[in-house]
Structure formats: structure tokens, C-alpha cells
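my_file_14.txt (compact mmCIF, C-alpha atoms)
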```txt
# COMPACT_ATOMS: atom_id res chain seq x y z
CA MET A 353 30.92 -39.14 -62.58
CA SER A 354 28.80 -36.01 -63.10
CA ALA A 355 28.42 -35.62 -59.32
CA ILE A 356 32.19 -36.02 -58.85
CA THR A 357 32.79 -33.40 -61.54
CA LEU A 358 30.40 -30.99 -59.84
CA CYS A 359 32.13 -31.49 -56.48
CA LEU A 360 35.52 -30.81 -58.07
CA ARG A 361 34.40 -27.68 -59.93
CA ASP A 362 32.25 -26.04 -57.26
CA PRO A 363 34.37 -24.12 -54.69
CA ALA A 364 31.90 -24.66 -51.83
CA LEU A 365 31.59 -28.40 -52.52
CA ARG A 366 35.38 -28.65 -52.83
CA ALA A 367 35.74 -27.04 -49.41
CA ALA A 368 33.13 -29.36 -47.89
CA GLY A 369 34.80 -32.43 -49.38
CA LEU A 370 38.29 -31.47 -48.24
CA VAL A 371 37.19 -30.68 -44.67
CA LEU A 372 35.23 -33.94 -44.40
CA ALA A 373 38.12 -36.01 -45.80
CA LEU A 374 40.44 -34.49 -43.19
CA GLN A 375 37.89 -35.21 -40.47
CA GLY A 376 37.67 -38.80 -41.70
CA ALA A 377 41.44 -39.11 -41.45
CA ILE A 378 41.34 -37.82 -37.86
CA ALA A 379 38.42 -40.09 -36.95
CA CYS A 380 40.11 -43.27 -38.18
CA SER A 381 43.37 -42.24 -36.49
CA PHE A 382 41.71 -41.80 -33.10
CA GLY A 383 38.79 -44.22 -33.16
CA PRO A 384 40.57 -47.60 -32.81
CA TYR A 385 43.03 -46.38 -30.15
CA VAL A 386 41.08 -44.18 -27.72
CA SER A 387 39.95 -47.22 -25.70
CA ILE A 388 43.45 -48.63 -25.18
CA LEU A 389 44.78 -45.17 -24.30
CA ALA A 390 42.03 -44.66 -21.71
CA VAL A 391 42.15 -48.14 -20.16
CA HIS A 392 45.89 -48.86 -20.17
CA THR A 393 48.04 -45.85 -21.05
CA PHE A 394 46.30 -43.34 -18.77
CA GLY A 395 44.94 -45.83 -16.24
CA PHE A 396 41.21 -45.09 -16.31
CA GLY A 397 40.28 -48.79 -16.40
CA ASP A 398 37.18 -50.30 -17.99
CA ARG A 399 34.69 -48.41 -15.81
CA GLY A 400 36.49 -45.11 -16.26
CA TYR A 401 36.54 -45.58 -20.02
CA ALA A 402 32.83 -46.44 -20.05
CA THR A 403 32.09 -43.23 -18.14
CA LEU A 404 34.28 -41.21 -20.50
CA LEU A 405 32.60 -42.81 -23.51
CA ALA A 406 29.11 -42.00 -22.20
CA LEU A 407 30.15 -38.42 -21.45
CA SER A 408 31.70 -37.91 -24.88
CA SER A 409 28.57 -39.28 -26.62
CA LEU A 410 26.32 -36.96 -24.64
CA ILE A 411 28.48 -33.90 -25.33
CA SER A 412 28.89 -34.80 -29.01
CA VAL A 413 25.14 -35.00 -29.59
CA SER A 414 24.40 -31.90 -27.50
CA ALA A 415 27.09 -29.88 -29.27
CA SER A 416 25.87 -30.99 -32.71
CA VAL A 417 22.28 -30.02 -31.94
CA ILE A 418 23.20 -26.68 -30.32
CA GLY A 419 25.67 -25.86 -33.10
CA GLY A 420 23.14 -26.74 -35.81
CA ILE A 421 20.39 -24.63 -34.25
CA ARG A 422 22.78 -21.72 -33.68
CA ALA A 423 23.98 -21.87 -37.30
CA ASP A 424 20.36 -21.70 -38.49
CA GLN A 425 19.54 -18.85 -36.11
CA THR A 426 22.41 -16.67 -37.27
CA ALA A 427 23.28 -18.10 -40.72
CA ASN A 428 26.91 -17.83 -39.54
CA ARG A 429 27.85 -21.38 -40.50
CA ARG A 430 31.49 -20.58 -41.11
CA GLN A 431 31.92 -19.14 -37.61
CA VAL A 432 30.26 -22.15 -35.97
CA THR A 433 32.50 -24.50 -37.96
CA LEU A 434 35.62 -22.50 -37.05
CA LEU A 435 34.82 -22.83 -33.34
CA ALA A 436 34.35 -26.60 -33.76
CA VAL A 437 37.65 -27.04 -35.61
CA LEU A 438 39.45 -24.86 -33.05
CA SER A 439 38.22 -27.24 -30.36
CA MET A 440 39.94 -30.12 -32.17
CA VAL A 441 43.12 -28.08 -32.63
CA LEU A 442 43.17 -27.21 -28.92
CA GLY A 443 42.61 -30.80 -27.80
CA THR A 444 45.30 -32.31 -30.02
CA CYS A 445 47.70 -29.49 -29.13
CA LEU A 446 47.25 -30.07 -25.38
CA MET A 447 47.82 -33.82 -25.79
CA THR A 448 50.91 -33.16 -27.93
CA VAL A 449 52.48 -30.66 -25.52
CA THR A 450 51.35 -31.84 -22.08
CA PRO A 451 49.96 -35.39 -22.29
CA GLY A 452 48.50 -36.81 -19.09
CA PRO A 453 45.34 -38.39 -17.62
CA LEU A 454 43.53 -35.10 -16.89
CA VAL A 455 44.41 -33.58 -20.27
CA PHE A 456 43.34 -36.81 -21.98
CA ALA A 457 40.00 -36.75 -20.12
CA LEU A 458 39.46 -33.11 -21.16
CA THR A 459 40.37 -33.85 -24.78
CA ALA A 460 38.50 -37.13 -25.23
CA GLY A 461 35.52 -36.19 -23.05
CA LEU A 462 34.95 -32.57 -24.14
CA LEU A 463 37.13 -30.99 -26.84
CA ILE A 464 37.01 -33.73 -29.48
CA PRO A 465 33.24 -34.33 -28.98
CA VAL A 466 32.58 -30.59 -29.41
CA SER A 467 34.50 -30.69 -32.70
CA SER A 468 31.94 -33.18 -34.06
CA ILE A 469 29.81 -30.11 -34.91
CA THR A 470 31.98 -29.93 -38.04
CA PHE A 471 30.45 -33.11 -39.50
CA GLY A 472 26.93 -31.71 -39.53
CA GLN A 473 27.97 -28.27 -40.74
CA VAL A 474 29.85 -29.75 -43.69
CA PHE A 475 26.69 -31.52 -44.82
CA ALA A 476 24.68 -28.34 -44.25
CA LEU A 477 27.12 -26.47 -46.51
CA ALA A 478 26.99 -29.23 -49.13
CA ARG A 479 23.20 -29.25 -49.07
CA LEU A 480 22.99 -25.48 -49.54
CA ALA A 481 25.56 -25.57 -52.35
CA ALA A 482 23.69 -28.45 -54.01
CA THR A 483 20.46 -26.42 -54.22
CA ARG A 484 21.95 -24.62 -57.22
CA TYR A 485 21.92 -27.86 -59.23
CA PRO A 486 19.05 -29.99 -60.61
CA GLU A 487 17.27 -32.07 -58.00
CA ASP A 488 18.28 -35.36 -59.61
CA LYS A 489 21.97 -34.45 -59.03
CA ARG A 490 21.70 -33.67 -55.32
CA ASP A 491 21.72 -37.20 -53.90
CA GLY A 492 24.79 -37.94 -56.01
CA ILE A 493 26.55 -34.87 -54.63
CA MET A 494 25.79 -35.89 -51.04
CA ALA A 495 27.00 -39.44 -51.77
CA VAL A 496 30.33 -38.11 -53.05
CA ILE A 497 30.77 -35.92 -49.95
CA ARG A 498 29.94 -38.86 -47.65
CA ALA A 499 32.35 -41.13 -49.54
CA LEU A 500 35.15 -38.63 -48.92
CA PHE A 501 34.71 -39.20 -45.17
CA ALA A 502 35.04 -42.97 -45.64
CA ALA A 503 37.93 -42.92 -48.13
CA PRO A 504 40.71 -42.13 -45.57
CA PHE A 505 39.82 -45.30 -43.62
CA VAL A 506 41.15 -47.37 -46.53
CA VAL A 507 44.48 -45.48 -46.65
CA VAL A 508 45.19 -44.18 -43.15
CA LEU A 509 44.56 -47.32 -41.08
CA PRO A 510 47.14 -49.43 -42.97
CA LEU A 511 49.68 -46.60 -42.55
CA TRP A 512 49.10 -46.60 -38.80
CA SER A 513 49.54 -50.38 -38.74
CA LEU A 514 52.91 -50.01 -40.44
CA ALA A 515 53.94 -47.19 -38.09
CA PHE A 516 53.06 -49.16 -34.96
CA ALA A 517 54.74 -52.28 -36.33
CA ALA A 518 57.89 -50.17 -36.75
CA GLY A 519 57.79 -49.22 -33.05
CA ALA A 520 55.93 -45.89 -33.04
CA GLU A 521 54.27 -44.86 -29.75
CA ILE A 522 50.47 -44.92 -29.77
CA THR A 523 50.40 -41.31 -28.54
CA LEU A 524 51.78 -40.31 -31.95
CA ILE A 525 48.17 -40.05 -33.06
CA PHE A 526 47.90 -36.68 -31.28
CA PRO A 527 50.69 -34.75 -33.06
CA VAL A 528 49.46 -36.23 -36.34
CA GLY A 529 45.91 -35.22 -35.38
CA LEU A 530 47.19 -31.72 -34.59
CA LEU A 531 48.71 -31.46 -38.06
CA LEU A 532 45.52 -32.68 -39.75
CA SER A 533 43.27 -30.40 -37.69
CA ALA A 534 45.55 -27.42 -38.44
CA VAL A 535 45.15 -28.13 -42.17
CA MET A 536 41.39 -28.39 -41.59
CA LEU A 537 41.39 -25.01 -39.85
CA LEU A 538 43.33 -23.49 -42.75
CA ALA A 539 40.84 -25.02 -45.22
CA VAL A 540 37.87 -23.47 -43.37
CA LEU A 541 39.61 -20.07 -43.16
CA ARG A 542 40.69 -19.98 -46.81
CA LEU A 543 38.10 -22.04 -48.71
CA TRP A 544 34.83 -22.02 -46.75
CA PRO A 545 32.42 -19.37 -48.19
CA THR A 546 32.00 -16.30 -45.99
CA ASP A 547 28.63 -16.21 -44.27
CA ARG A 548 27.49 -12.93 -45.85
CA ASP A 549 28.70 -13.65 -49.37
CA VAL A 550 27.21 -16.97 -50.49
CA PRO A 551 25.65 -17.63 -53.91
CA TRP A 552 22.49 -19.18 -52.40
CA ASP A 553 19.67 -18.05 -50.13
CA ASP A 554 20.59 -18.65 -46.47
CA ARG A 555 18.68 -16.48 -44.04
CA PRO A 556 18.49 -16.66 -40.24
CA SER A 557 15.67 -18.97 -39.14
CA GLY A 558 14.10 -16.44 -36.75
CA LEU A 559 13.32 -19.24 -34.27
CA THR A 560 14.20 -19.17 -30.60
CA PHE A 561 16.31 -22.05 -29.31
CA ARG A 562 13.29 -23.59 -27.58
CA ALA A 563 11.17 -23.34 -30.74
CA ALA A 564 13.93 -24.90 -32.87
CA LEU A 565 14.37 -27.72 -30.37
CA ALA A 566 10.59 -28.31 -30.31
CA GLU A 567 10.62 -28.47 -34.11
CA MET A 568 13.32 -31.16 -34.02
CA GLY A 569 11.43 -33.07 -31.32
CA HIS A 570 8.11 -33.13 -33.19
CA PRO A 571 6.75 -36.72 -33.16
CA ARG A 572 6.78 -36.89 -36.97
CA ILE A 573 10.52 -36.17 -37.00
CA ALA A 574 11.55 -37.87 -33.76
CA ALA A 575 9.90 -41.16 -34.77
CA ARG A 576 11.74 -41.21 -38.10
CA VAL A 577 15.08 -40.40 -36.46
CA LEU A 578 14.51 -43.27 -34.01
CA ALA A 579 13.63 -45.63 -36.87
CA LEU A 580 16.79 -44.67 -38.75
CA GLY A 581 18.77 -45.17 -35.53
CA ALA A 582 17.47 -48.74 -35.41
CA VAL A 583 18.56 -49.25 -39.03
CA THR A 584 22.12 -48.02 -38.47
CA GLY A 585 22.41 -49.79 -35.11
CA ALA A 586 23.19 -52.96 -37.08
CA SER A 587 26.53 -51.48 -38.19
CA THR A 588 27.40 -50.68 -34.55
CA LEU A 589 26.69 -54.30 -33.61
CA TYR A 590 28.81 -55.54 -36.50
CA MET A 591 31.81 -53.62 -35.17
CA ALA A 592 31.08 -54.89 -31.66
CA ILE A 593 30.91 -58.60 -32.48
CA ILE A 594 33.33 -59.12 -35.36
CA SER A 595 36.43 -59.54 -33.17
CA LEU A 596 34.47 -61.61 -30.67
CA VAL A 597 33.20 -64.10 -33.26
CA MET A 598 36.35 -64.25 -35.39
CA VAL A 599 39.07 -64.23 -32.72
CA ALA A 600 37.51 -65.33 -29.44
CA SER A 601 35.04 -67.87 -30.86
CA VAL A 602 36.81 -69.54 -33.80
CA GLY A 603 40.45 -68.63 -33.23
CA ARG A 604 41.18 -66.51 -36.28
CA GLY A 605 43.89 -63.85 -35.99
CA THR A 606 43.37 -60.15 -35.56
CA ASP A 607 44.83 -59.74 -39.04
CA ASP A 608 41.73 -61.49 -40.44
CA VAL A 609 39.53 -59.01 -38.58
CA ALA A 610 41.51 -56.07 -39.96
CA LEU A 611 41.39 -57.53 -43.47
CA TYR A 612 37.63 -58.15 -43.34
CA VAL A 613 36.83 -54.68 -42.00
CA GLY A 614 39.24 -53.10 -44.49
CA ILE A 615 37.68 -54.90 -47.47
CA VAL A 616 34.17 -53.88 -46.42
CA ALA A 617 35.22 -50.25 -45.93
CA GLY A 618 37.14 -50.25 -49.21
CA LEU A 619 34.20 -51.59 -51.21
CA GLU A 620 31.71 -49.22 -49.58
CA VAL A 621 33.36 -46.18 -51.17
CA PRO A 622 32.80 -47.11 -54.86
CA PHE A 623 29.31 -48.38 -54.07
CA MET A 624 28.52 -45.03 -52.41
CA LEU A 625 29.59 -43.27 -55.61
CA LEU A 626 27.67 -45.65 -57.90
CA LEU A 627 24.49 -45.76 -55.83
CA PRO A 628 22.76 -42.50 -56.89
CA GLY A 629 23.09 -43.28 -60.59
CA LEU A 630 21.91 -46.87 -60.23
CA THR A 631 18.92 -46.10 -58.00
CA ARG A 632 17.59 -42.89 -59.51
CA GLY A 633 13.79 -42.78 -59.22
CA ILE A 634 13.56 -45.32 -56.39
CA ALA A 635 12.03 -44.03 -53.15
CA ARG A 636 14.56 -43.48 -50.37
CA THR A 637 12.59 -45.50 -47.83
CA ARG A 638 12.52 -48.47 -50.19
CA LEU A 639 16.28 -48.16 -50.68
CA ILE A 640 16.82 -48.03 -46.91
CA LEU A 641 14.69 -51.17 -46.43
CA THR A 642 16.64 -52.99 -49.18
CA GLY A 643 19.96 -51.86 -47.71
CA ALA A 644 18.93 -52.98 -44.22
CA ALA A 645 17.99 -56.41 -45.60
CA LEU A 646 21.33 -56.83 -47.41
CA TYR A 647 23.26 -55.68 -44.36
CA GLY A 648 21.17 -58.05 -42.25
CA ILE A 649 22.34 -61.02 -44.34
CA HIS A 650 25.93 -60.08 -43.57
CA VAL A 651 25.39 -59.58 -39.82
CA ALA A 652 23.25 -62.73 -39.42
CA LEU A 653 25.69 -65.05 -41.19
CA LEU A 654 28.86 -63.59 -39.69
CA PRO A 655 28.69 -65.66 -36.46
CA VAL A 656 27.73 -68.76 -38.48
CA LEU A 657 30.45 -68.53 -41.15
CA ALA A 658 33.22 -66.90 -39.08
CA GLY A 659 35.34 -70.07 -39.11
CA SER A 660 34.67 -70.89 -42.78
CA PRO A 661 36.30 -69.56 -45.95
CA LEU A 662 32.77 -68.66 -47.06
CA VAL A 663 32.82 -65.75 -44.61
CA TRP A 664 34.69 -63.69 -47.22
CA LEU A 665 31.62 -63.80 -49.48
CA LEU A 666 29.78 -61.70 -46.90
CA VAL A 667 31.84 -58.60 -47.74
CA LEU A 668 29.62 -58.03 -50.80
CA PRO A 669 26.22 -57.69 -49.06
CA ALA A 670 28.02 -55.88 -46.22
CA SER A 671 29.50 -53.22 -48.51
CA VAL A 672 26.40 -52.75 -50.68
CA GLY A 673 24.05 -52.63 -47.69
CA GLY A 674 26.46 -50.39 -45.78
CA ALA A 675 26.76 -47.97 -48.70
CA VAL A 676 22.96 -47.61 -48.73
CA THR A 677 22.41 -47.29 -44.98
CA LEU A 678 25.31 -44.84 -44.56
CA THR A 679 24.43 -42.44 -47.39
CA VAL A 680 20.69 -42.46 -48.12
CA PRO A 681 19.64 -41.52 -44.55
CA ILE A 682 21.73 -38.31 -44.76
CA ALA A 683 19.58 -36.77 -47.49
CA TYR A 684 16.45 -38.21 -45.89
CA LEU A 685 17.19 -36.58 -42.52
CA GLN A 686 18.05 -33.25 -44.11
CA ASP A 687 14.73 -33.25 -45.98
CA LEU A 688 12.86 -33.67 -42.69
CA LEU A 689 13.95 -30.09 -41.87
CA ALA A 690 14.47 -28.79 -45.38
CA ASP A 691 14.39 -25.11 -44.32
CA ARG A 692 16.83 -25.68 -41.41
CA PRO A 693 20.08 -27.03 -42.94
CA GLY A 694 22.00 -26.85 -39.65
CA ALA A 695 19.36 -28.52 -37.49
CA GLY A 696 18.65 -31.05 -40.25
CA ALA A 697 22.31 -32.04 -40.37
CA SER A 698 22.49 -32.28 -36.57
CA LEU A 699 19.77 -34.93 -36.68
CA MET A 700 22.53 -37.28 -37.85
CA ALA A 701 24.12 -37.05 -34.40
CA VAL A 702 20.80 -37.82 -32.71
CA GLN A 703 20.28 -40.76 -35.06
CA ARG A 704 23.76 -42.07 -34.24
CA LEU A 705 23.05 -41.87 -30.51
CA ALA A 706 19.74 -43.69 -30.98
CA GLY A 707 21.53 -46.40 -32.97
CA ASP A 708 24.21 -46.82 -30.31
CA VAL A 709 21.61 -47.17 -27.54
CA ILE A 710 19.59 -49.73 -29.52
CA ALA A 711 22.76 -51.68 -30.37
CA ALA A 712 23.85 -51.68 -26.72
CA ALA A 713 20.44 -53.00 -25.65
CA CYS A 714 20.56 -55.78 -28.28
CA PHE A 715 24.07 -56.73 -27.18
CA ALA A 716 23.13 -56.86 -23.50
CA ILE A 717 19.95 -58.90 -24.08
CA GLY A 718 21.55 -61.23 -26.65
CA THR A 719 24.60 -62.09 -24.55
CA THR A 720 22.37 -62.66 -21.49
CA LEU A 721 19.99 -65.00 -23.32
CA ALA A 722 22.41 -66.96 -25.52
CA GLY A 723 25.43 -65.57 -27.38
CA TYR A 724 26.72 -63.49 -30.25
CA GLY A 725 24.46 -65.19 -32.79
CA THR A 726 21.44 -64.01 -30.81
CA VAL A 727 22.95 -60.53 -30.58
CA ALA A 728 23.19 -60.45 -34.38
CA LEU A 729 19.59 -61.64 -34.85
CA LEU A 730 18.23 -59.06 -32.41
CA GLY A 731 20.15 -56.31 -34.16
CA ILE A 732 18.83 -57.39 -37.56
CA ALA A 733 15.27 -57.57 -36.25
CA ALA A 734 15.54 -54.01 -34.86
CA SER A 735 17.07 -52.77 -38.12
CA LEU A 736 14.38 -54.33 -40.33
CA ILE A 737 11.57 -53.14 -38.05
CA GLY A 738 12.94 -49.60 -38.19
CA ALA A 739 13.30 -49.69 -42.00
CA ALA A 740 9.84 -51.22 -42.48
CA ALA A 741 8.25 -48.67 -40.15
CA LEU A 742 9.92 -45.85 -42.09
CA TRP A 743 8.71 -47.26 -45.41
CA ALA A 744 5.16 -47.77 -44.12
CA ALA A 745 4.96 -44.28 -42.60
CA ASP A 746 6.13 -42.53 -45.75
CA ARG A 747 3.97 -44.73 -47.96
CA ARG A 748 0.91 -43.44 -46.10
```
Since I need it in another form, could you write the structure as C-alpha cells?
Amino acid sequence: MSAITLCLRDPALRAAGLVLALQGAIACSFGPYVSILAVHTFGFGDRGYATLLALSSLISVSASVIGGIRADQTANRRQVTLLAVLSMVLGTCLMTVTPGPLVFALTAGLLIPVSSITFGQVFALARLAATRYPEDKRDGIMAVIRALFAAPFVVVLPLWSLAFAAGAEITLIFPVGLLLSAVMLLAVLRLWPTDRDVPWDDRPSGLTFRAALAEMGHPRIAARVLALGAVTGASTLYMAIISLVMVASVGRGTDDVALYVGIVAGLEVPFMLLLPGLTRGIARTRLILTGAALYGIHVALLPVLAGSPLVWLLVLPASVGGAVTLTVPIAYLQDLLADRPGAGASLMAVQRLAGDVIAAACFAIGTTLAGYGTVALLGIAASLIGAAALWAADRR
């Protein structure tokens, strides 16, 4: 509660929380429907969508890293964030006014991925603002900010379900996204602290782009980012196999999938808020290892219990483990580059890419060798190895 109070009272933390909540609302509005728009509505097909997905991932990570380094070089974090939000506004505006295959490819493959810079810069702002408070409060502040990104998933997705059930066109997500991104732009313009008038020390890094990139690629840092990617790859695999094991394998309805995912997401938010107070004094790497183990129980048993009523018991280890593995790595990654808030935050994008690649490899190998149960076991093994390696490295 003290962290929530701080986030409500502090103008910079309020701005960070509002911008991230709006970005969460946009993400959950677009995320489930981009694939069907690409494959069916605009006729790209499966291969075209795969190409678009790979391109968007590459641009998203590149933009996050470049934006983070540039923000550290200039200390103009507000300007970098404004450019990122403007990219989202432009993309949603184009799709609202002149929707079509080429405009969709431009929006989904370039403009929306570039806007992902905002995610890292929000956490950079929150980290800088949190430096004015005692150290034992900072993880709680970051947990509150991260929970604000997840909270819209619980509210917005059911609203979209109702809208589509009432006959709304799927392309409605773009005018709604335009409205949300316009509010986000207004929030950055009106609430985000100006770059030259901040109540904390934020000086230009003085590093060239090559030097900053070399700093991020140092083996000590790169190895830990890769290990954290392996940890979070388990959540990517969970989203990949849940429909396959519940619907295709045991014949449950898609409503069960939506309910399961919704319950897990809904429970993650309060656990994210409770976590810092309950785990104060425990090493982050030990928390990550514990969270990976709990999440592993959920992923391992999901293919086994998918057809049983007992599957609903798995939402508890899923939400507790997910709350740990989604929040604790944020502060851990930022501490790897403590003097470079922008570059430290952009490491989250690199970690996400590493997790996606590891998850894809586990999925390909598992489905070739046996089935979805093997996919789950490979993903858990990779996650636990990554968490254990992280714990062992920091213990030394």
C-alpha cells in the first residue's frame, strides 16, 4: 500500500503509471487480433504473417535499444518518448483513415514496433523517480508500475469480446487504438517531466553509440539477459500451447481458454502488488528461481490436466510464478546498467526476444519429437536452467 500511495502522490510516477496503463490497453486490444487481420482480412497468409512477425520483432528490439541509448546520451527522455508515441498515433491514424494491406504492413511491421520504445522509457522514468525514495521501497514502486500494464488485460479483453459478439468489425481496434494513443500523447505532453527540469540527477552518458552498445553486449550482461530470456520463455510457450491442448487435444471450448487466461492474468495483478512486501530481504535471483519453479508446475501439468476439472487449480501457481517472473527481472535488468536507465530498460526488449527464440526452438523440437507435453517439459527445463544459472552466477 505504501508503494501505491507513493505512485499516486508522485507526479512523475503518476505519469509513468498512466502512460503504461494506456499502453497495456492498446497492447491487449491489438495483440490477439493482429494475426487474424494479417492472415485473413488483408490476405497475407501464414507465411506472410510469419515474415511480418519476424520483421516487427526485429524492429521492436532495435528501436528499443537505439531509443534507450539515445535517451542516455542526451538525457532527453521526454523527446524520445514523444517520438515513440507519435509513431503509434500515426500508425493507428493511417489504419483508421485508409485501411489496406500496404498500410497494415507499414503499421504492424514498422510504426507499432517503433512505439515499443515507450515501454522501456516509462520504466527508465519510474526508476529515476524512485531514486528519491528509500531503497526498500523501489522494488514495490516498480511492481506497481508493472501491474498497471497488466491491469487493462482484465478489463479491456472482456469488453472487446462483448463488442465483437454484438457484431463490431475487427478493424474497430484501430480507431479505438487511435483514441488511446492520442490520450497517451496528451499525457506525455502534459504530465511527463521536462528533460531539463527534473528533481533527480540525470546527466548525458557521454558514451558514443558503439561504446554504449559494447557495454550492453558485455558477456557479464549478455549472459544474464539470455538466462532471463530462458526464464520468461516459459510464459511464451504457455500462450502457444494452451489453445492446442485445451481445444484441439481434449475438445474444450475457446471460452474455457479465455476464462483460464483471464483468471491467471487477473490474479497476477494483486500478486504483483503483494510481492515486494512479502519477499523483502530475499535475493532477486532466489525469487526468480522460485517463480520459475512455480510457473514450471503450471506449464508441465497443463497438458496432463487439460481435460480434467483439476486444471483450474493450476491458475494459482501460474499467477504467483508469473507475478514473480514478470516483475522481479525488471529491477534486476535495470541494476545491470544502473547508471544507464534508458539502456537498462531496453534490455527488457532484448530479453523478450531471447525468450521468444528459445520458446520457438522448444516448440519446434518438442512437436518434432513427441507432442505438446514434450514442448512443455523442454520449456520448463530451459526456464529452470536459466534461473539456476542466474542464481549460481550471482551467488559467486
Please provide the set of residues having any atom within 8 Å of A:Val540, restricted to all atoms listed in the file, with same-chain residues fewer than 2 positions apart removed, written as a count of residues only. 11
Would you mind listing, for every residue of stretch 653-739 of chain A within 8 Å of stretch 612-628 of chain A, the two atoms forming the shortest contact and the distance between them in Å to one decimal, using all atoms listed in the file, sorted by chain and ascending residue number, as a Markdown table?
```
| residue | atom | partner | partner_atom | distance |
| --- | --- | --- | --- | --- |
| A:Trp664 | CA | A:Tyr612 | CA | 7.4 |
| A:Val667 | CA | A:Val616 | CA | 5.4 |
| A:Leu668 | CA | A:Val616 | CA | 7.6 |
| A:Ala670 | CA | A:Val616 | CA | 6.5 |
| A:Ser671 | CA | A:Glu620 | CA | 4.7 |
| A:Val672 | CA | A:Phe623 | CA | 6.2 |
| A:Gly674 | CA | A:Glu620 | CA | 6.6 |
| A:Ala675 | CA | A:Met624 | CA | 5.1 |
| A:Val676 | CA | A:Met624 | CA | 7.1 |
| A:Thr679 | CA | A:Met624 | CA | 7.0 |
```
Contact residues around A:Arg479 with all atoms listed in the file at 9 Å, ignoring same-chain residues under 3 positions, as a ChimeraX atom specification: /A:474-476,482-483,490,493-494,683,686,693
Can you work out the spacing between atom CA of A:Gly419 and atom CA of A:Ile469 in Å, to one decimal?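 Between these atoms lies a distance of 6.2 Å.
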Proximity to A:Ala539 - best of A:Ala355, A:Ala373, A:Ile682, A:Ala379, all atoms listed in the file: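 Of A:Ala355, A:Ala373, A:Ile682, A:Ala379, the one nearest A:Ala539 is A:Ala373, counting all atoms listed in the file.
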Could I get the residues of stretch 383-432 of chain A with an atom no further than 10 Å from an atom of stretch 704-714 of chain A, each paired with its nearest atom pair and that distance in Å to one decimal, using all atoms listed in the file, sorted by chain and residue number, as CSV?
```
residue,atom,partner,partner_atom,distance
A:Ser409,CA,A:Leu705,CA,7.2
A:Leu410,CA,A:Leu705,CA,8.3
A:Ser412,CA,A:Leu705,CA,9.3
A:Val413,CA,A:Leu705,CA,7.2
```
A:Tyr401: which residues within 8 Å, counting all atoms listed in the file, same-chain residues fewer than 3 positions away excluded, as a tab-separated table (two decimals) with C-alpha atoms, in the coordinates of the input?
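Saved the output as result_23.tsv:
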```
chain	number	residue	atom	x	y	z
A	387	SER	CA	39.95	-47.22	-25.70
A	390	ALA	CA	42.03	-44.66	-21.71
A	391	VAL	CA	42.15	-48.14	-20.16
A	396	PHE	CA	41.21	-45.09	-16.31
A	397	GLY	CA	40.28	-48.79	-16.40
A	398	ASP	CA	37.18	-50.30	-17.99
A	404	LEU	CA	34.28	-41.21	-20.50
A	405	LEU	CA	32.60	-42.81	-23.51
```
A straight line from atom CA of A:Ile594 to atom CA of A:Val508 spans 20.6 Å
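Nearest-residue note for A:Leu736: choosing from A:Val583, A:Ala652, A:Leu665, A:Ala697, the minimum distance belongs to A:Val583, counting only C-alpha atoms.
Nearest residue to A:Leu458 among A:Gly443, A:Pro681, A:Gly376, A:Gly673 is A:Gly443, counting all atoms listed in the file.
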Atom CA of A:Leu689 sits from atom CA of A:Ser414 at a separation of 17.9 Å
With distances taken over only C-alpha atoms, which residue among A:Ala695, A:Ala460, A:Ala564, A:Leu662 lies nearest A:Val386?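 Smallest separation from A:Val386 among the options: A:Ala460.
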Who sits within 12 Å of A:Val609, only C-alpha atoms, same chain under 5 positions skipped, as a list in words: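 In the requested format, the answer is Tyr590, Met591, Ala592, Ile593, Ile594, Ser595, Leu596, Val597, Met598, Val599, Ala600, Val602, Gly603, Arg604, Gly614, Ile615, Val616, Leu654, Ala658, Gly659, Val663, Trp664 and Val667 of chain A.
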Go ahead and fit an axis-aligned box to every listed atom of stretch 489-507 of chain A plus 4 Å each side, and pass me the centre and edge lengths in Å, one decimal, as AutoDock Vina command-line options.
```
--center_x 33.1 --center_y -40.5 --center_z -51.3 --size_x 30.8 --size_y 21.7 --size_z 23.4
```
